[in-house]
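Trainee: Supplied in structure tokens, the structure appears directly below.
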2 protein chains.
Amino acid sequence: MSEFVLHERLAADTAFVTDWRLARVLLLNDARYAWLVLVPRRAGAVELFDLSQADRADLMEETARAARLLKSARNAAKINVGALGNLVLQLHVHVVARNPGDPAWPGPVWGHSPAVPYQAAVRDALIAQIVKAG
Amino acid sequence: MSEFVLHERLAADTAFVTDWRLARVLLLNDARYAWLVLVPRRAGAVELFDLSQADRADLMEETARAARLLKSARNAAKINVGALGNLVLQLHVHVVARNPGDPAWPGPVWGHSPAVPYQAAVRDALIAQIVKAG
């Protein structure tokens, strides 16, 4: 069994938040949304059915936890959850706080428009808030 | 506790496939993709955290089951899973077989372009295949 290594594209587009039991929790570097990416630390996982049932249960609980946390932190109208992976095969789950008036509303965020990077201080404050709430 | 009623927009855009333990399984009426929609039969559920933990575990297992089934039925390059709900609040999970060359590839299917309805016979054959495999 090989070791989990975060895909370089995910690493480049995000900042590390924390590790939960299953997933590495990352903040997407786009200041227009509050957008987490959960990556199960399981080498080779691409589809949900590549995980064990126990890992799937953990992934669901961690996804719901991220959703609740973002809903509360941003008073979000809706949480969007997606596992696409057409470009980056490594299994990862997007959890995104959405509100009317955000750039892609009410369409999907994926592929909508280029990210607007965080200022470091804003990013770090949000990460601290998430770690504290999570 | 009120009774589960399928949202009229979901009803209009899909055909009934079957009921699994938690979710109503629907086929989206777009012949360009093999696209299932899973709707937990729980009145009032909008976000994943509105479900009980047991229901969430069922939803994950049913999502993985739908993913495996579509992957196999369509020899799909990738399965896309999404719970957005910006327009239809009733909690529903999209499970979509994706392949290079499909109209939206590699972008998201949501909001990409108008659906191309199935011919009834093609739709019914796919539904029968899914029920048999599922």
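A note on labels: chains of the structure tokens are A, B, ... as shown, every chain counts residues from 1, and ligands are counted from 1 in their shown order.
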For chain B, list the residues within 9 Å of chain A, counting only C-alpha atoms, and write the list as an MDAnalysis selection string.

Mentor: chainID B and resid 46:49 53 56:61 63:65 67:68 77:87 89 98:100 105:111

Trainee: Env of Gly44 of chain B: 12 Å cut, atoms = only C-alpha atoms, seq-sep filter 5 positions within chain, self excluded. Answer as a list of chain:residue names.

Mentor: B:Met1, B:Ser2, B:Glu3, B:Phe4, B:Val5, B:Leu6, B:His7, B:Val39, B:Phe49, B:Asp50, B:Leu51, B:Val88, B:Leu89, B:Gln90, B:Leu91, B:His92

Trainee: Just C-alpha atoms for this one: save the residues we selected as a PDB file, in the first residue's frame.

Mentor:
ATOM      1  CA  MET B   1     -43.389  15.119  10.716  1.00  0.00           C
ATOM      2  CA  SER B   2     -44.698  15.847   7.246  1.00  0.00           C
ATOM      3  CA  GLU B   3     -44.630  13.454   4.356  1.00  0.00           C
ATOM      4  CA  PHE B   4     -41.954  13.417   1.669  1.00  0.00           C
ATOM      5  CA  VAL B   5     -43.153  14.927  -1.609  1.00  0.00           C
ATOM      6  CA  LEU B   6     -40.820  15.100  -4.593  1.00  0.00           C
ATOM      7  CA  HIS B   7     -40.144  18.694  -5.690  1.00  0.00           C
ATOM      8  CA  VAL B  39     -33.491  12.243  -3.425  1.00  0.00           C
ATOM      9  CA  PHE B  49     -26.560  17.998   8.053  1.00  0.00           C
ATOM     10  CA  ASP B  50     -30.366  18.027   8.032  1.00  0.00           C
ATOM     11  CA  LEU B  51     -30.266  14.218   7.790  1.00  0.00           C
ATOM     12  CA  VAL B  88     -34.171  23.444  -5.951  1.00  0.00           C
ATOM     13  CA  LEU B  89     -33.678  23.388  -2.203  1.00  0.00           C
ATOM     14  CA  GLN B  90     -34.916  19.829  -1.653  1.00  0.00           C
ATOM     15  CA  LEU B  91     -31.785  17.775  -0.928  1.00  0.00           C
ATOM     16  CA  HIS B  92     -30.793  15.798  -4.008  1.00  0.00           C
TER      17      HIS B  92
END

Trainee: Write down as an mmCIF file with C-alpha atoms, in the first residue's frame the residues of chain A whose backbone DSSP state falls under alpha helix (DSSP H).

Mentor:
data_model
loop_
_atom_site.group_PDB
_atom_site.id
_atom_site.type_symbol
_atom_site.label_atom_id
_atom_site.label_comp_id
_atom_site.auth_asym_id
_atom_site.auth_seq_id
_atom_site.Cartn_x
_atom_site.Cartn_y
_atom_site.Cartn_z
ATOM 1 C CA GLU A 8 0.304 18.825 -6.938
ATOM 2 C CA ARG A 9 -2.583 20.751 -8.527
ATOM 3 C CA LEU A 10 -4.607 20.584 -5.317
ATOM 4 C CA ALA A 11 -1.532 21.603 -3.347
ATOM 5 C CA ALA A 12 -0.941 24.572 -5.653
ATOM 6 C CA ASP A 13 -4.538 25.832 -5.508
ATOM 7 C CA GLN A 53 -17.436 1.573 3.639
ATOM 8 C CA ALA A 54 -15.969 2.837 6.921
ATOM 9 C CA ASP A 55 -13.961 5.483 5.087
ATOM 10 C CA ARG A 56 -17.058 6.498 3.134
ATOM 11 C CA ALA A 57 -18.941 6.978 6.386
ATOM 12 C CA ASP A 58 -16.112 9.151 7.670
ATOM 13 C CA LEU A 59 -16.050 11.139 4.440
ATOM 14 C CA MET A 60 -19.782 11.794 4.683
ATOM 15 C CA GLU A 61 -19.502 12.910 8.319
ATOM 16 C CA GLU A 62 -16.551 15.158 7.524
ATOM 17 C CA THR A 63 -18.368 16.610 4.522
ATOM 18 C CA ALA A 64 -21.416 17.377 6.671
ATOM 19 C CA ARG A 65 -19.115 18.878 9.306
ATOM 20 C CA ALA A 66 -17.493 21.161 6.739
ATOM 21 C CA ALA A 67 -20.907 22.102 5.381
ATOM 22 C CA ARG A 68 -22.282 23.007 8.797
ATOM 23 C CA LEU A 69 -19.182 24.990 9.627
ATOM 24 C CA LEU A 70 -19.275 27.020 6.389
ATOM 25 C CA LYS A 71 -23.018 27.546 6.621
ATOM 26 C CA SER A 72 -22.541 29.055 10.046
ATOM 27 C CA ALA A 73 -19.322 30.981 9.325
ATOM 28 C CA ARG A 74 -20.742 32.665 6.221
ATOM 29 C CA ALA A 120 -2.475 36.242 3.348
ATOM 30 C CA ALA A 121 -3.861 37.832 6.513
ATOM 31 C CA VAL A 122 -7.477 37.285 5.428
ATOM 32 C CA ARG A 123 -6.718 33.681 4.474
ATOM 33 C CA ASP A 124 -4.974 32.962 7.742
ATOM 34 C CA ALA A 125 -7.805 34.490 9.778
ATOM 35 C CA LEU A 126 -10.343 32.306 7.949
ATOM 36 C CA ILE A 127 -8.213 29.205 8.459
ATOM 37 C CA ALA A 128 -7.949 29.988 12.157
ATOM 38 C CA GLN A 129 -11.715 30.455 12.332
ATOM 39 C CA ILE A 130 -12.313 27.119 10.615
ATOM 40 C CA VAL A 131 -9.858 25.242 12.802
ATOM 41 C CA LYS A 132 -11.457 26.730 15.913
ATOM 42 C CA ALA A 133 -15.023 25.975 14.783
#

Trainee: Excluding segment 17-26 of chain A and its own-chain neighbours fewer than 6 positions away, which residues fall within 6 Å of it when counting only C-alpha atoms? Please give them as an MDAnalysis selection string.

Mentor: chainID A and resid 36:41 127

Trainee: What are the DSSP strand (DSSP E or B) residues of chain A, as a short mmCIF file (atom, residue, chain, number, x, y, z; two decimals) with N, CA and C atoms, in the first residue's frame?

Mentor:
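Heads up, here's the output in result19.cif:
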data_model
loop_
_atom_site.label_atom_id
_atom_site.label_comp_id
_atom_site.auth_asym_id
_atom_site.auth_seq_id
_atom_site.Cartn_x
_atom_site.Cartn_y
_atom_site.Cartn_z
N THR A 14 -4.50 25.55 -3.09
CA THR A 14 -5.11 25.58 -1.76
C THR A 14 -4.09 25.90 -0.68
N ALA A 15 -4.62 26.14 0.52
CA ALA A 15 -3.79 26.23 1.72
C ALA A 15 -4.24 25.14 2.70
N PHE A 16 -3.30 24.61 3.43
CA PHE A 16 -3.60 23.57 4.41
C PHE A 16 -4.39 24.16 5.57
N VAL A 17 -5.46 23.46 5.96
CA VAL A 17 -6.23 23.90 7.13
C VAL A 17 -5.95 22.97 8.31
N THR A 18 -6.26 21.68 8.11
CA THR A 18 -6.06 20.72 9.18
C THR A 18 -6.26 19.32 8.62
N ASP A 19 -5.90 18.31 9.40
CA ASP A 19 -6.26 16.93 9.05
C ASP A 19 -7.36 16.48 10.00
N ALA A 23 -9.82 12.90 6.17
CA ALA A 23 -9.49 13.83 5.09
C ALA A 23 -8.51 14.91 5.50
N ARG A 24 -7.68 15.29 4.54
CA ARG A 24 -6.95 16.54 4.65
C ARG A 24 -7.91 17.66 4.27
N VAL A 25 -7.97 18.69 5.08
CA VAL A 25 -8.87 19.80 4.84
C VAL A 25 -8.07 20.97 4.29
N LEU A 26 -8.49 21.44 3.12
CA LEU A 26 -7.78 22.50 2.42
C LEU A 26 -8.71 23.66 2.16
N LEU A 27 -8.17 24.86 2.13
CA LEU A 27 -8.94 26.05 1.75
C LEU A 27 -8.54 26.46 0.34
N LEU A 28 -9.52 26.47 -0.56
CA LEU A 28 -9.21 26.91 -1.93
C LEU A 28 -8.86 28.38 -1.93
N ALA A 34 -16.15 31.03 0.39
CA ALA A 34 -15.54 30.21 1.43
C ALA A 34 -15.66 28.78 0.93
N TRP A 35 -14.53 28.16 0.59
CA TRP A 35 -14.50 26.96 -0.25
C TRP A 35 -13.46 26.00 0.32
N LEU A 36 -13.94 24.92 0.89
CA LEU A 36 -13.04 23.89 1.42
C LEU A 36 -12.96 22.72 0.45
N VAL A 37 -11.83 22.05 0.49
CA VAL A 37 -11.64 20.83 -0.29
C VAL A 37 -11.17 19.74 0.68
N LEU A 38 -11.91 18.64 0.71
CA LEU A 38 -11.58 17.52 1.59
C LEU A 38 -10.96 16.41 0.74
N VAL A 39 -9.77 15.99 1.12
CA VAL A 39 -9.07 14.95 0.36
C VAL A 39 -8.81 13.76 1.28
N PRO A 40 -9.54 12.64 1.08
CA PRO A 40 -9.27 11.45 1.90
C PRO A 40 -7.79 11.05 1.76
N LYS A 78 -26.80 28.50 0.86
CA LYS A 78 -26.77 27.09 0.43
C LYS A 78 -25.33 26.62 0.44
N ILE A 79 -25.16 25.37 0.78
CA ILE A 79 -23.85 24.74 0.66
C ILE A 79 -23.85 23.87 -0.58
N ASN A 80 -22.83 24.01 -1.40
CA ASN A 80 -22.66 23.14 -2.57
C ASN A 80 -21.59 22.11 -2.27
N VAL A 81 -21.89 20.87 -2.60
CA VAL A 81 -20.94 19.78 -2.40
C VAL A 81 -20.72 19.11 -3.75
N GLY A 82 -19.47 18.88 -4.09
CA GLY A 82 -19.21 18.22 -5.36
C GLY A 82 -17.93 17.43 -5.36
N ALA A 83 -17.99 16.27 -5.98
CA ALA A 83 -16.79 15.46 -6.24
C ALA A 83 -16.78 15.21 -7.74
N VAL A 93 -13.39 16.28 -2.37
CA VAL A 93 -14.76 16.76 -2.25
C VAL A 93 -14.74 18.26 -1.98
N HIS A 94 -15.39 19.01 -2.86
CA HIS A 94 -15.53 20.45 -2.67
C HIS A 94 -16.73 20.72 -1.77
N VAL A 95 -16.57 21.64 -0.84
CA VAL A 95 -17.66 22.09 0.02
C VAL A 95 -17.61 23.62 0.00
N VAL A 96 -18.64 24.23 -0.57
CA VAL A 96 -18.56 25.65 -0.90
C VAL A 96 -19.77 26.40 -0.36
N ALA A 97 -19.52 27.48 0.34
CA ALA A 97 -20.61 28.35 0.82
C ALA A 97 -21.07 29.22 -0.33
N ARG A 98 -22.37 29.20 -0.60
CA ARG A 98 -22.93 29.98 -1.71
C ARG A 98 -23.96 30.98 -1.20
#

Trainee: Could you tell me how far atom CA of Tyr33 of chain A lies from atom CA of Ser113 of chain A, in Å and to one decimal?

Mentor: 12.0 Å

Trainee: Report, in Å to a single decimal, how far apart atom CA of Ala45 of chain B and atom CA of Ala31 of chain A are.

Mentor: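 Pair atom CA of Ala31 of chain A / atom CA of Ala45 of chain B returns 29.0 Å.
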
Trainee: One decimal, Å: what's the distance from atom CA of Asn75 of chain B over to atom CA of Pro117 of chain B, could you say?

Mentor: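 We find that atom CA of Asn75 of chain B and atom CA of Pro117 of chain B lie 21.5 Å from each other.
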
Trainee: With distances taken over only C-alpha atoms, which of A:Pro103, A:Ser52, A:Val116, A:Gly134 is nearest to Asn29 of chain A?

Mentor: A:Val116
